[in-house]
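**Student:** To be precise about what I am sending: the file is called structure-v6.txt and holds compact mmCIF, C-alpha atoms.
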```txt
# COMPACT_ATOMS: atom_id res chain seq x y z
CA MET A 1 25.62 9.60 -47.72
CA ALA A 2 26.73 5.99 -47.42
CA SER A 3 24.21 3.33 -48.25
CA PRO A 4 23.56 0.61 -45.66
CA ASP A 5 25.45 -1.91 -47.85
CA GLU A 6 28.66 0.13 -47.88
CA GLN A 7 31.36 -0.30 -45.29
CA ILE A 8 31.89 2.53 -42.85
CA THR A 9 35.50 3.21 -41.92
CA LEU A 10 36.03 4.38 -38.35
CA ARG A 11 39.07 6.54 -37.73
CA GLY A 12 40.40 7.07 -34.26
CA PRO A 13 39.21 6.39 -30.73
CA ALA A 14 36.38 8.96 -30.83
CA GLU A 15 34.63 7.25 -33.76
CA LEU A 16 35.18 3.84 -32.16
CA ALA A 17 33.50 5.08 -28.98
CA ASP A 18 30.64 6.50 -31.04
CA SER A 19 30.09 3.08 -32.65
CA LEU A 20 29.45 1.24 -29.39
CA PRO A 21 25.77 2.14 -28.89
CA TYR A 22 25.03 1.06 -32.47
CA LEU A 23 26.70 -2.30 -31.89
CA LEU A 24 24.57 -2.93 -28.79
CA GLY A 25 21.38 -1.10 -29.72
CA TYR A 26 21.55 1.16 -26.65
CA HIS A 27 23.99 3.22 -24.60
CA PRO A 28 25.66 0.86 -22.08
CA PHE A 29 26.08 1.67 -18.41
CA ASP A 30 28.69 0.37 -15.95
CA SER A 31 29.77 -2.26 -18.47
CA VAL A 32 32.78 -3.89 -20.05
CA VAL A 33 32.36 -4.73 -23.74
CA LEU A 34 34.77 -6.73 -25.91
CA VAL A 35 34.32 -6.69 -29.70
CA ALA A 36 36.07 -9.11 -32.07
CA LEU A 37 37.78 -7.77 -35.21
CA HIS A 38 38.32 -9.86 -38.34
CA GLY A 39 40.44 -9.42 -41.45
CA PRO A 40 42.93 -6.74 -42.45
CA GLY A 41 40.23 -4.07 -42.38
CA GLY A 42 39.15 -4.86 -38.82
CA ARG A 43 35.57 -5.93 -39.59
CA PHE A 44 33.42 -6.04 -36.45
CA GLY A 45 32.48 -9.55 -35.36
CA GLY A 46 31.06 -11.00 -32.17
CA ARG A 47 30.95 -9.22 -28.86
CA VAL A 48 30.58 -9.93 -25.15
CA LYS A 49 29.27 -7.56 -22.49
CA LEU A 50 29.18 -7.76 -18.71
CA GLY A 51 28.65 -5.42 -15.82
CA ILE A 52 31.94 -4.21 -14.35
CA PRO A 53 32.64 -6.17 -11.14
CA GLY A 54 32.67 -3.87 -8.15
CA SER A 55 35.62 -5.60 -6.48
CA PRO A 56 39.07 -5.40 -8.14
CA GLY A 57 39.70 -8.86 -6.72
CA GLU A 58 37.26 -10.25 -9.31
CA TRP A 59 38.85 -8.52 -12.29
CA GLY A 60 41.43 -11.18 -13.15
CA GLY A 61 38.98 -14.07 -13.25
CA THR A 62 36.37 -12.01 -15.07
CA ALA A 63 38.91 -10.93 -17.69
CA ARG A 64 39.90 -14.54 -18.41
CA GLN A 65 36.28 -15.66 -18.71
CA LEU A 66 35.35 -12.80 -21.02
CA ALA A 67 38.36 -13.35 -23.27
CA GLU A 68 37.67 -17.07 -23.51
CA CYS A 69 33.95 -16.51 -24.11
CA LEU A 70 34.55 -14.12 -27.02
CA ILE A 71 37.47 -15.90 -28.66
CA GLU A 72 36.16 -19.46 -28.35
CA GLY A 73 32.68 -18.37 -29.36
CA SER A 74 34.07 -16.58 -32.41
CA ARG A 75 35.99 -19.71 -33.40
CA ARG A 76 32.82 -21.81 -33.22
CA ARG A 77 30.68 -19.35 -35.16
CA ASP A 78 33.11 -17.95 -37.70
CA ALA A 79 36.86 -17.77 -37.15
CA CYS A 80 39.33 -16.77 -34.50
CA PRO A 81 39.44 -12.96 -34.21
CA ASP A 82 42.49 -11.16 -35.54
CA GLY A 83 42.17 -8.57 -32.80
CA ILE A 84 39.87 -7.15 -30.14
CA VAL A 85 38.63 -3.71 -29.14
CA LEU A 86 37.54 -3.32 -25.53
CA PHE A 87 35.40 -0.63 -23.93
CA LEU A 88 35.03 0.19 -20.23
CA CYS A 89 31.96 2.37 -19.60
CA ARG A 90 31.33 3.82 -16.15
CA GLU A 91 29.98 7.17 -15.03
CA PRO A 92 31.78 9.09 -12.27
CA GLY A 93 30.48 8.94 -8.72
CA ALA A 94 29.63 11.94 -6.58
CA ASP A 95 33.25 12.66 -5.63
CA GLN A 96 34.88 11.57 -8.90
CA ASP A 97 35.56 12.81 -12.36
CA GLY A 98 36.04 10.80 -15.52
CA ARG A 99 39.81 10.72 -15.20
CA ALA A 100 39.55 9.19 -11.71
CA VAL A 101 37.28 6.47 -13.09
CA MET A 102 39.75 5.83 -15.92
CA GLU A 103 42.66 5.43 -13.51
CA TRP A 104 40.65 3.14 -11.21
CA LEU A 105 39.79 0.88 -14.15
CA ARG A 106 43.31 0.84 -15.61
CA PRO A 107 44.28 -2.46 -13.87
CA PHE A 108 41.10 -4.08 -15.19
CA ALA A 109 41.95 -2.95 -18.72
CA GLN A 110 45.41 -4.47 -18.28
CA GLU A 111 43.93 -7.74 -17.03
CA LEU A 112 41.71 -7.87 -20.12
CA ARG A 113 44.60 -7.15 -22.48
CA THR A 114 46.72 -9.83 -20.80
CA ALA A 115 43.90 -12.40 -20.91
CA CYS A 116 43.31 -11.83 -24.63
CA GLY A 117 47.03 -11.92 -25.36
CA ALA A 118 47.36 -15.23 -23.52
CA LEU A 119 44.93 -16.65 -26.10
CA ASP A 120 47.06 -15.22 -28.94
CA VAL A 121 44.62 -12.44 -29.84
CA PRO A 122 45.91 -8.88 -29.35
CA VAL A 123 43.85 -5.98 -28.06
CA TYR A 124 44.18 -3.27 -30.69
CA GLU A 125 42.45 -0.58 -28.64
CA ALA A 126 41.20 -0.26 -25.06
CA LEU A 127 38.94 2.70 -24.30
CA CYS A 128 37.44 4.09 -21.12
CA ILE A 129 34.25 6.16 -21.57
CA SER A 130 33.23 8.25 -18.57
CA GLY A 131 31.75 11.65 -17.91
CA GLY A 132 31.32 12.57 -21.57
CA ARG A 133 34.99 11.92 -22.35
CA LEU A 134 37.11 9.01 -23.51
CA TRP A 135 40.61 7.80 -22.78
CA SER A 136 42.77 5.26 -24.58
CA TYR A 137 44.83 2.82 -22.55
CA CYS A 138 46.84 1.99 -25.71
CA CYS A 139 47.49 5.26 -27.52
CA PRO A 140 50.39 7.39 -26.18
CA ASP A 141 49.77 10.30 -28.60
CA GLU A 142 48.41 13.24 -26.60
CA ARG A 143 47.29 14.97 -29.80
CA CYS A 144 44.38 12.53 -30.17
CA CYS A 145 44.28 11.13 -26.63
CA PRO A 146 45.04 13.98 -24.20
CA PRO A 147 45.56 13.20 -20.48
CA ASP A 148 42.28 14.91 -19.56
CA GLY A 149 40.39 12.85 -22.11
CA ALA A 150 38.94 13.60 -25.52
CA VAL A 151 35.40 14.93 -25.76
CA LEU A 152 32.97 12.38 -27.18
CA VAL A 153 31.45 12.99 -30.59
CA PRO A 154 28.03 14.70 -30.12
CA PRO A 155 25.30 12.02 -30.44
CA GLY A 156 23.89 11.67 -33.92
CA THR A 157 26.57 13.72 -35.69
CA SER A 158 29.01 11.03 -36.86
CA VAL A 159 29.15 9.27 -40.21
CA LEU A 160 28.12 6.05 -38.50
CA ALA A 161 25.07 7.72 -36.95
CA ALA A 162 24.02 9.02 -40.36
CA ALA A 163 24.48 5.57 -41.93
CA ALA A 164 22.50 3.95 -39.13
CA ALA A 165 19.66 6.43 -39.54
CA TYR A 166 19.65 5.79 -43.29
CA ALA A 167 19.44 2.04 -42.65
CA GLY A 168 16.56 2.49 -40.21
CA VAL A 169 18.60 1.50 -37.16
CA ARG A 170 17.49 3.28 -34.02
CA LEU A 171 18.89 3.35 -30.52
CA ARG A 172 16.70 2.38 -27.57
CA GLY A 173 18.07 5.04 -25.25
CA THR A 174 20.30 4.13 -22.34
CA GLN A 175 20.71 0.82 -20.59
CA GLN A 176 19.35 2.42 -17.40
CA GLU A 177 16.18 3.52 -19.17
CA MET A 178 15.59 0.02 -20.56
CA GLU A 179 16.24 -1.61 -17.19
CA ALA A 180 13.98 0.90 -15.42
CA ARG A 181 11.01 -0.46 -17.39
CA LEU A 182 11.53 -3.78 -15.61
CA ALA A 183 12.36 -2.57 -12.10
CA PRO A 184 10.00 -3.07 -9.11
CA LEU A 185 7.55 -0.24 -8.55
CA PRO A 186 8.15 2.03 -5.55
CA GLU A 187 5.49 3.34 -3.18
CA PRO A 188 2.59 3.93 -3.31
CA TRP A 189 2.44 0.73 -5.39
CA ALA A 190 4.81 -1.47 -3.38
CA GLY A 191 2.83 -1.80 -0.15
CA PRO A 192 -0.54 -2.81 -1.66
CA GLN A 193 1.19 -5.13 -4.13
CA CYS A 194 3.15 -6.89 -1.39
CA ARG A 195 -0.03 -7.45 0.61
CA ALA A 196 -1.80 -8.80 -2.48
CA LEU A 197 1.08 -11.23 -3.09
CA ASP A 198 0.90 -12.36 0.55
CA ASP A 199 -2.84 -13.02 0.25
CA ALA A 200 -2.53 -14.78 -3.09
CA ALA A 201 0.26 -17.04 -1.79
CA VAL A 202 -1.96 -18.20 1.08
CA GLU A 203 -4.82 -18.86 -1.33
CA LEU A 204 -2.82 -20.75 -3.95
CA VAL A 205 -0.50 -22.85 -1.80
CA GLU A 206 -3.07 -25.58 -1.15
CA ARG A 207 -3.87 -25.94 -4.84
CA VAL A 208 -0.18 -26.39 -5.70
CA VAL A 209 0.47 -28.84 -2.86
CA VAL A 210 -2.59 -30.93 -3.69
CA GLY A 211 -1.58 -31.06 -7.36
CA GLY A 212 -3.60 -33.00 -9.93
CA MET A 213 -6.74 -31.30 -11.18
CA ALA A 214 -6.44 -28.55 -8.58
CA ALA A 215 -3.02 -27.57 -9.92
CA ARG A 216 -4.25 -27.85 -13.53
CA ARG A 217 -7.19 -25.55 -12.77
CA LEU A 218 -4.71 -23.09 -11.28
CA GLY A 219 -2.84 -23.09 -14.58
CA ASP A 220 -6.07 -22.63 -16.53
CA ASP A 221 -7.15 -19.77 -14.26
CA THR A 222 -3.74 -18.10 -14.60
CA ILE A 223 -3.78 -18.31 -18.39
CA ALA A 224 -7.38 -17.08 -18.56
CA LEU A 225 -6.68 -14.07 -16.35
CA ALA A 226 -3.47 -13.26 -18.27
CA GLY A 227 -5.48 -13.39 -21.52
CA MET A 228 -8.07 -11.03 -20.08
CA LEU A 229 -5.35 -8.58 -19.00
CA MET A 230 -3.79 -8.73 -22.46
CA ASP A 231 -7.17 -7.87 -23.98
CA ARG A 232 -7.45 -4.94 -21.59
CA LEU A 233 -3.99 -3.63 -22.49
CA ALA A 234 -4.57 -4.08 -26.21
CA GLY A 235 -7.86 -2.24 -26.00
CA ALA A 236 -6.27 0.70 -24.21
CA GLY A 237 -3.49 1.10 -26.79
CA SER A 238 -0.01 2.42 -26.04
CA VAL A 239 0.77 6.11 -26.39
CA GLY A 240 3.46 8.55 -25.33
CA SER A 241 6.97 7.86 -24.14
CA PRO A 242 7.93 4.39 -22.85
CA ALA A 243 7.74 5.65 -19.27
CA ALA A 244 4.29 7.16 -19.81
CA ALA A 245 3.07 4.01 -21.58
CA ASP A 246 4.31 1.82 -18.72
CA ALA A 247 2.60 4.03 -16.15
CA ALA A 248 -0.67 3.75 -18.09
CA ASP A 249 -0.33 -0.04 -18.20
CA ASP A 250 0.31 -0.15 -14.45
CA ARG A 251 -2.98 1.65 -13.80
CA LEU A 252 -4.89 -0.98 -15.79
CA ILE A 253 -3.85 -3.93 -13.61
CA SER A 254 -4.97 -4.28 -10.02
CA PRO A 255 -2.65 -5.64 -7.30
CA ASP A 256 -4.83 -8.76 -6.86
CA GLU A 257 -4.79 -9.53 -10.58
CA ALA A 258 -1.03 -9.05 -10.81
CA ALA A 259 -0.41 -11.21 -7.75
CA PHE A 260 -2.51 -14.11 -9.04
CA VAL A 261 -0.78 -14.23 -12.43
CA ILE A 262 2.73 -13.74 -10.97
CA LEU A 263 2.29 -16.68 -8.61
CA GLY A 264 0.61 -18.79 -11.27
CA LEU A 265 3.56 -18.26 -13.63
CA GLN A 266 5.91 -19.85 -11.09
CA ASP A 267 4.55 -23.14 -12.41
CA ARG A 268 6.77 -24.21 -15.29
CA GLU A 269 4.01 -25.67 -17.46
CA THR A 270 1.79 -22.61 -17.05
CA ARG A 271 4.72 -20.35 -17.97
CA ASP A 272 5.35 -22.41 -21.11
CA ARG A 273 1.71 -22.07 -22.15
CA ALA A 274 2.01 -18.30 -21.69
CA ALA A 275 5.12 -18.31 -23.89
CA ALA A 276 2.93 -19.21 -26.89
CA TRP A 277 1.82 -15.53 -26.97
CA MET A 278 4.86 -14.51 -28.98
CA GLU A 279 3.83 -13.32 -32.45
CA GLY A 280 1.18 -11.53 -34.44
CA PRO A 281 -1.27 -9.25 -32.64
CA GLU A 282 -0.65 -11.06 -29.34
CA ALA A 283 3.06 -10.24 -29.08
CA GLU A 284 2.81 -6.53 -28.22
CA PRO A 285 0.21 -6.81 -25.41
CA ALA A 286 2.01 -9.90 -24.09
CA ALA A 287 5.30 -8.00 -23.85
CA ARG A 288 3.53 -5.14 -22.08
CA LEU A 289 1.91 -7.56 -19.63
CA TRP A 290 5.14 -9.38 -18.78
CA ARG A 291 6.96 -6.07 -18.19
CA ALA A 292 4.11 -4.84 -16.00
CA LEU A 293 4.14 -8.05 -13.94
CA ALA A 294 7.92 -7.85 -13.54
CA ARG A 295 7.45 -4.36 -12.09
CA ARG A 296 4.92 -5.79 -9.59
CA CYS A 297 7.45 -8.26 -8.15
CA VAL A 298 8.22 -5.94 -5.25
CA PRO A 299 10.42 -6.97 -2.31
CA PRO A 300 10.40 -9.50 -0.74
CA TYR A 301 9.00 -11.17 -3.89
CA SER A 302 11.78 -9.92 -6.18
CA GLU A 303 12.94 -13.37 -7.31
CA TYR A 304 9.45 -14.15 -8.62
CA ALA A 305 10.19 -11.67 -11.42
CA ALA A 306 12.38 -14.28 -13.15
CA ALA A 307 9.31 -15.79 -14.87
CA PRO A 308 7.77 -12.59 -16.35
CA LEU A 309 11.22 -11.22 -17.18
CA ALA A 310 12.12 -14.40 -19.08
CA LEU A 311 8.79 -14.23 -20.92
CA ALA A 312 9.44 -10.58 -21.80
CA GLY A 313 12.86 -11.56 -23.12
CA TRP A 314 11.42 -14.42 -25.13
CA VAL A 315 8.75 -12.26 -26.79
CA ALA A 316 11.37 -9.63 -27.65
CA TRP A 317 13.77 -12.19 -29.11
CA ALA A 318 11.02 -14.01 -31.01
CA GLY A 319 10.09 -10.65 -32.55
CA GLY A 320 13.66 -9.80 -33.57
CA ASP A 321 14.32 -7.22 -30.84
CA GLU A 322 17.63 -8.59 -29.56
CA PRO A 323 18.65 -5.54 -27.45
CA ALA A 324 15.42 -5.69 -25.44
CA ALA A 325 15.70 -9.47 -25.20
CA ARG A 326 19.23 -9.30 -23.80
CA ILE A 327 18.22 -6.69 -21.22
CA ALA A 328 15.19 -8.68 -20.02
CA LEU A 329 16.93 -12.06 -19.95
CA GLY A 330 19.93 -10.57 -18.17
CA ALA A 331 17.55 -9.09 -15.58
CA ALA A 332 15.88 -12.50 -15.14
CA LEU A 333 19.24 -14.11 -14.45
CA ARG A 334 20.09 -11.46 -11.89
CA LYS A 335 16.88 -12.35 -10.08
CA ASP A 336 17.51 -16.10 -10.28
CA ALA A 337 20.77 -17.27 -11.85
CA ASP A 338 19.49 -20.87 -11.90
CA TYR A 339 16.26 -20.13 -13.77
CA VAL A 340 16.80 -22.56 -16.63
CA PHE A 341 14.21 -21.10 -19.02
CA ALA A 342 16.09 -17.76 -18.92
CA VAL A 343 19.51 -19.46 -19.01
CA LEU A 344 18.68 -21.41 -22.17
CA LEU A 345 17.02 -18.48 -23.95
CA HIS A 346 19.89 -16.16 -23.04
CA GLN A 347 22.43 -18.67 -24.31
CA ALA A 348 20.46 -19.32 -27.50
CA CYS A 349 20.19 -15.59 -28.17
CA ASN A 350 23.91 -15.19 -27.55
CA GLU A 351 24.77 -18.12 -29.81
CA ALA A 352 22.69 -16.64 -32.67
CA VAL A 353 20.36 -19.65 -32.69
CA ASP A 354 17.46 -19.21 -35.11
CA PRO A 355 14.36 -18.67 -32.93
CA GLU A 356 11.96 -20.08 -35.54
CA PRO A 357 12.24 -23.74 -34.39
CA ILE A 358 11.50 -22.58 -30.85
CA ARG A 359 8.50 -20.57 -32.05
CA GLU A 360 7.24 -23.64 -33.93
CA TRP A 361 7.71 -25.75 -30.81
CA PHE A 362 5.53 -23.38 -28.81
CA ARG A 363 2.96 -23.27 -31.62
CA ARG A 364 2.62 -27.05 -31.32
CA GLY A 365 2.12 -26.81 -27.58
CA GLY A 366 5.61 -27.67 -26.40
CA ALA A 367 7.31 -30.97 -25.75
CA GLU A 368 6.03 -33.93 -23.78
CA PRO A 369 6.90 -33.66 -20.08
CA GLY A 370 10.51 -34.59 -19.49
CA LYS A 371 11.46 -34.38 -23.18
CA GLY A 372 13.64 -31.28 -22.85
CA THR A 373 13.51 -28.10 -24.89
CA ALA A 374 13.31 -26.94 -28.47
CA ILE A 375 16.43 -24.81 -28.18
CA GLU A 376 18.54 -27.04 -30.37
CA GLY A 377 22.28 -26.62 -30.43
CA VAL A 378 22.42 -25.16 -26.94
CA PRO A 379 23.68 -27.62 -24.30
CA ARG A 380 21.43 -27.91 -21.25
CA PRO A 381 22.96 -26.60 -18.03
CA ARG A 382 24.06 -29.14 -15.46
CA GLY A 383 21.12 -30.39 -13.43
CA ALA A 384 18.48 -28.92 -15.77
CA GLY A 385 15.06 -30.52 -15.75
CA THR A 386 15.28 -31.94 -12.24
CA ALA A 387 12.30 -30.08 -10.83
CA GLY A 388 9.00 -29.07 -12.33
CA ARG A 389 7.72 -26.07 -10.42
CA ARG A 390 8.66 -23.41 -7.92
CA ALA A 391 6.69 -23.59 -4.70
CA VAL A 392 4.05 -20.89 -4.51
CA ARG A 393 4.49 -19.44 -1.07
CA GLY A 394 5.25 -16.16 0.54
CA PRO A 395 8.78 -15.46 1.73
CA GLY A 396 9.46 -17.60 4.78
CA ARG A 397 6.01 -19.25 4.51
CA THR A 398 5.73 -23.04 4.79
CA ALA A 399 3.75 -25.13 2.36
CA GLY A 400 1.20 -25.90 5.04
CA GLY A 401 -0.15 -22.35 5.19
CA ARG A 402 -3.86 -21.69 5.54
CA ALA A 403 -5.75 -21.63 2.25
CA ARG A 404 -8.09 -18.73 1.60
CA PRO A 405 -11.65 -19.39 0.34
CA ALA A 406 -12.12 -19.37 -3.43
CA ALA A 407 -14.35 -16.33 -3.15
CA GLY A 408 -11.23 -14.23 -2.58
CA ARG A 409 -9.83 -14.87 -6.05
CA PRO A 410 -9.72 -12.13 -8.68
CA SER A 411 -12.88 -12.18 -10.74
CA GLY A 412 -13.44 -12.33 -14.49
CA ARG A 413 -11.24 -15.29 -15.46
CA ALA A 414 -13.37 -18.35 -16.12
CA GLU A 415 -15.42 -16.90 -18.96
CA HIS A 416 -12.19 -16.22 -20.89
CA SER A 417 -10.88 -19.78 -20.57
CA GLY A 418 -9.71 -21.09 -23.94
CA ARG A 419 -10.35 -17.83 -25.83
CA ARG A 420 -6.82 -17.47 -27.15
CA ARG A 421 -4.87 -19.85 -29.28
CA GLY A 422 -2.48 -21.71 -27.02
CA ALA A 423 -4.24 -20.59 -23.85
CA ALA A 424 -6.36 -22.66 -21.47
CA GLY A 425 -7.30 -25.28 -24.04
CA ARG A 426 -3.67 -26.28 -24.59
CA THR A 427 -2.03 -29.18 -22.80
CA ASP A 428 0.49 -27.57 -20.47
CA ARG A 429 3.91 -28.97 -21.13
CA GLY A 430 7.32 -28.02 -19.86
CA ALA A 431 10.37 -26.58 -21.51
CA GLY A 432 12.83 -26.91 -18.69
CA GLY A 433 12.95 -27.23 -14.96
CA THR A 434 15.19 -25.73 -12.36
CA GLY A 435 18.84 -26.57 -12.14
CA GLY A 436 22.27 -25.05 -11.94
CA PRO A 437 24.11 -23.65 -14.93
CA GLY A 438 27.82 -23.17 -14.92
CA SER A 439 29.21 -20.94 -12.24
CA GLY A 440 30.85 -17.57 -12.60
CA PRO A 441 29.95 -14.26 -14.19
CA ALA A 442 30.12 -15.57 -17.74
CA ARG A 443 26.68 -17.14 -17.44
CA GLU A 444 25.15 -13.65 -17.29
CA THR A 445 27.40 -12.36 -20.04
CA GLU A 446 25.72 -10.77 -23.03
CA SER A 447 27.47 -12.40 -25.92
CA ASP A 448 27.26 -12.41 -29.66
CA GLY A 449 30.44 -14.21 -30.44
```
Please express the file's structure as structure tokens.

**Tutor:**
Amino acid sequence: MASPDEQITLRGPAELADSLPYLLGYHPFDSVVLVALHGPGGRFGGRVKLGIPGSPGEWGGTARQLAECLIEGSRRRDACPDGIVLFLCREPGADQDGRAVMEWLRPFAQELRTACGALDVPVYEALCISGGRLWSYCCPDERCCPPDGAVLVPPGTSVLAAAAAYAGVRLRGTQQEMEARLAPLPEPWAGPQCRALDDAAVELVERVVVGGMAARRLGDDTIALAGMLMDRLAGAGSVGSPAAADAADDRLISPDEAAFVILGLQDRETRDRAAAWMEGPEAEPAARLWRALARRCVPPYSEYAAAPLALAGWVAWAGGDEPAARIALGAALRKDADYVFAVLLHQACNEAVDPEPIREWFRRGGAEPGKGTAIEGVPRPRGAGTAGRRAVRGPGRTAGGRARPAAGRPSGRAEHSGRRRGAAGRTDRGAGGTGGPGSGPARETESDG
């Protein structure tokens, strides 16, 4: 068996297709992936990944952005690629088979090949993976690439799979399974949670509008309640499959508690204080809490999930779990493409920035207000830092809504104030406001180029 330090040679389209989940850390879904190749042996380099645009009219522009993102990013980080391998992954619909998907995506594959060629980097192989089969858009030899597609290598049986297992590399399942852990809960959870968010928005709006000490106490109360919920999750442990563990976590958090923390995290400074729970024994319950809160952002409060999703992505990245970080940060950007905290973290993760300076920044309590972020080497998006907090209000609700008496707040917060390092006793300081990043699909591109 090959040791993890030895190079693994992949022969043919089937072994290339089998390598894709190990490059990403999970099985992609409805995605286009471009991988840079370097040197005469075709060493894997950077990569970019994006959901396949649903409209063919977007394919040309998307192809040019992806090619530029990978090639220019590779030049900055290492060297210009000598070639590229591209993958188009899409499962057949109800009235389709894999071959129909392959033919539908053929013009997109051609757009991608043309875009890369225009930047003087050839596409060595272009594969479509659909319905358990693969097709090559480049290979004309029907012996290895038959018209009906070649059957994929059974999972876990290839040389690469054996080498990955030997090296301790494990796959996280499918992209859908990872995204499902962050998706809003259906009924019977959705109705009570929506009502709790409505009630909490009415209660909290006056404290945010008044500002000053009232807003600061809101931040303290949010951090204290979040700390209490983390203690509760840590005490209960995590057992079973990811889905079973998530369901158990959901039962430990009431709708009122979730609503209060979700709305409190819309304040930038409070969110940054929560981001200090990123390492040691706090990291695992923090990640569980942020995922659980993201699931509680039910319609019409879906965009409020950007804050807990970005926190979940930050904890994952700070802990070295890049696949989970990319999934969570990508989900945050789909909720709010202008959420600067997620934009900067996503870009830093993609640019292979060392997270340690950012961790140290959060350990110190963050920057002074208006001083920017600790994500060095990543340019701030246009307009970043222009606003401090998202208004806490229900959908369509004005800031002058009626405030609910304090007696309606979730109980059990104040006695926990300041218990955790970096919690209520920390000066709340910002890491970035709201503003607009660059336009186009590339800003949500998963990149490692």

**Student:** Residues near stretch 249-253 of chain A, anyone? I mean within 10 Å using only C-alpha atoms, not counting same-chain ones fewer than 3 positions away, as an MDAnalysis selection string.

**Tutor:** chainID A and resid 185 189 229 232:234 236:238 243:246 256:259 285 288:289 291:293 295:296

**Student:** Could you jot down the atom CA of A:Ala109 to atom CA of A:Lys49 separation for me, Å, one decimal place?

**Tutor:**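 Taking atom CA of A:Ala109 and atom CA of A:Lys49, their separation equals 14.0 Å.
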
**Student:** Counting only C-alpha atoms, which of A:Leu20, A:Gly25, A:Ala201, A:Pro56 gets nearest to A:Pro107?

**Tutor:**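 Closest to A:Pro107, using only C-alpha atoms: A:Pro56.
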
**Student:** Atom CA of A:Gly131 to atom CA of A:Ala180: how many Å, to one decimal?

**Tutor:** 20.9 Å

**Student:** Using all atoms listed in the file for the distances, tell me which of A:Ala115, A:Glu279, A:Ala352, A:Pro188 is nearest to A:Arg76.

**Tutor:**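 Once distances to A:Arg76 are computed over all atoms listed in the file, the minimum belongs to A:Ala352.
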
**Student:** From the set A:Lys335, A:His346, A:Arg364, A:Arg273, which residue has the shortest atom-to-atom contact distance to A:Ala183, counting all atoms listed in the file?

**Tutor:**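 Of the candidates, the smallest distance to A:Ala183 is held by A:Lys335.
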
**Student:** Which residues are close to A:His27, i.e. within 6 Å by all atoms listed in the file, leaving aside same-chain residues fewer than 6 positions away? Reply as a count of residues only.

**Tutor:** 3

**Student:** Calculate how many Å separate atom CA of A:Pro92 from atom CA of A:Cys128, rounding to one decimal.

**Tutor:**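 A separation of 11.6 Å between them.
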
**Student:** Which residue, A:Gly227, A:Gly41, A:Gly219, A:Gly57, has the smallest gap to A:Leu263 when you use only C-alpha atoms?

**Tutor:** A:Gly219

**Student:** Nearest residue to A:Glu72 out of A:Pro281, A:Asp120, A:Val101, A:Pro147, using only C-alpha atoms?

**Tutor:**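 Of all the options, A:Asp120 lies closest to A:Glu72.
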
**Student:** Set the distance at 10 Å and use all atoms listed in the file: which residues neighbour A:Trp314 once local chain neighbours fewer than 5 positions away are removed? I'd like the list as a list in words.

**Tutor:**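 Residues near the query, excluding close chain neighbours: Ala275, Ala276, Trp277, Met278, Ala287, Pro308, Leu309, Gly319, Gly320, Asp321, Glu322, Ala324, Ala325, Arg326, Ala328, Leu329, Phe341, Ala342, Leu345, His346, Cys349, Pro355, Ile358 and Arg359 of chain A.
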
**Student:** Go through A:Asp272, A:Glu15, A:Glu91, A:Asp336 and flag the residue nearest A:Ser130, using all atoms listed in the file for the distances.

**Tutor:**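 Ranked by minimum distance to A:Ser130, first place goes to A:Glu91.
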
**Student:** Using only C-alpha atoms - which residues lie no farther than 8 Å from the point (43.8, -10.3, -35.0) in the file's frame? Write them as a list in words.

**Tutor:** Leu37, His38, Gly39, Cys80, Pro81, Asp82, Gly83, Ile84, Val121 and Pro122 of chain A
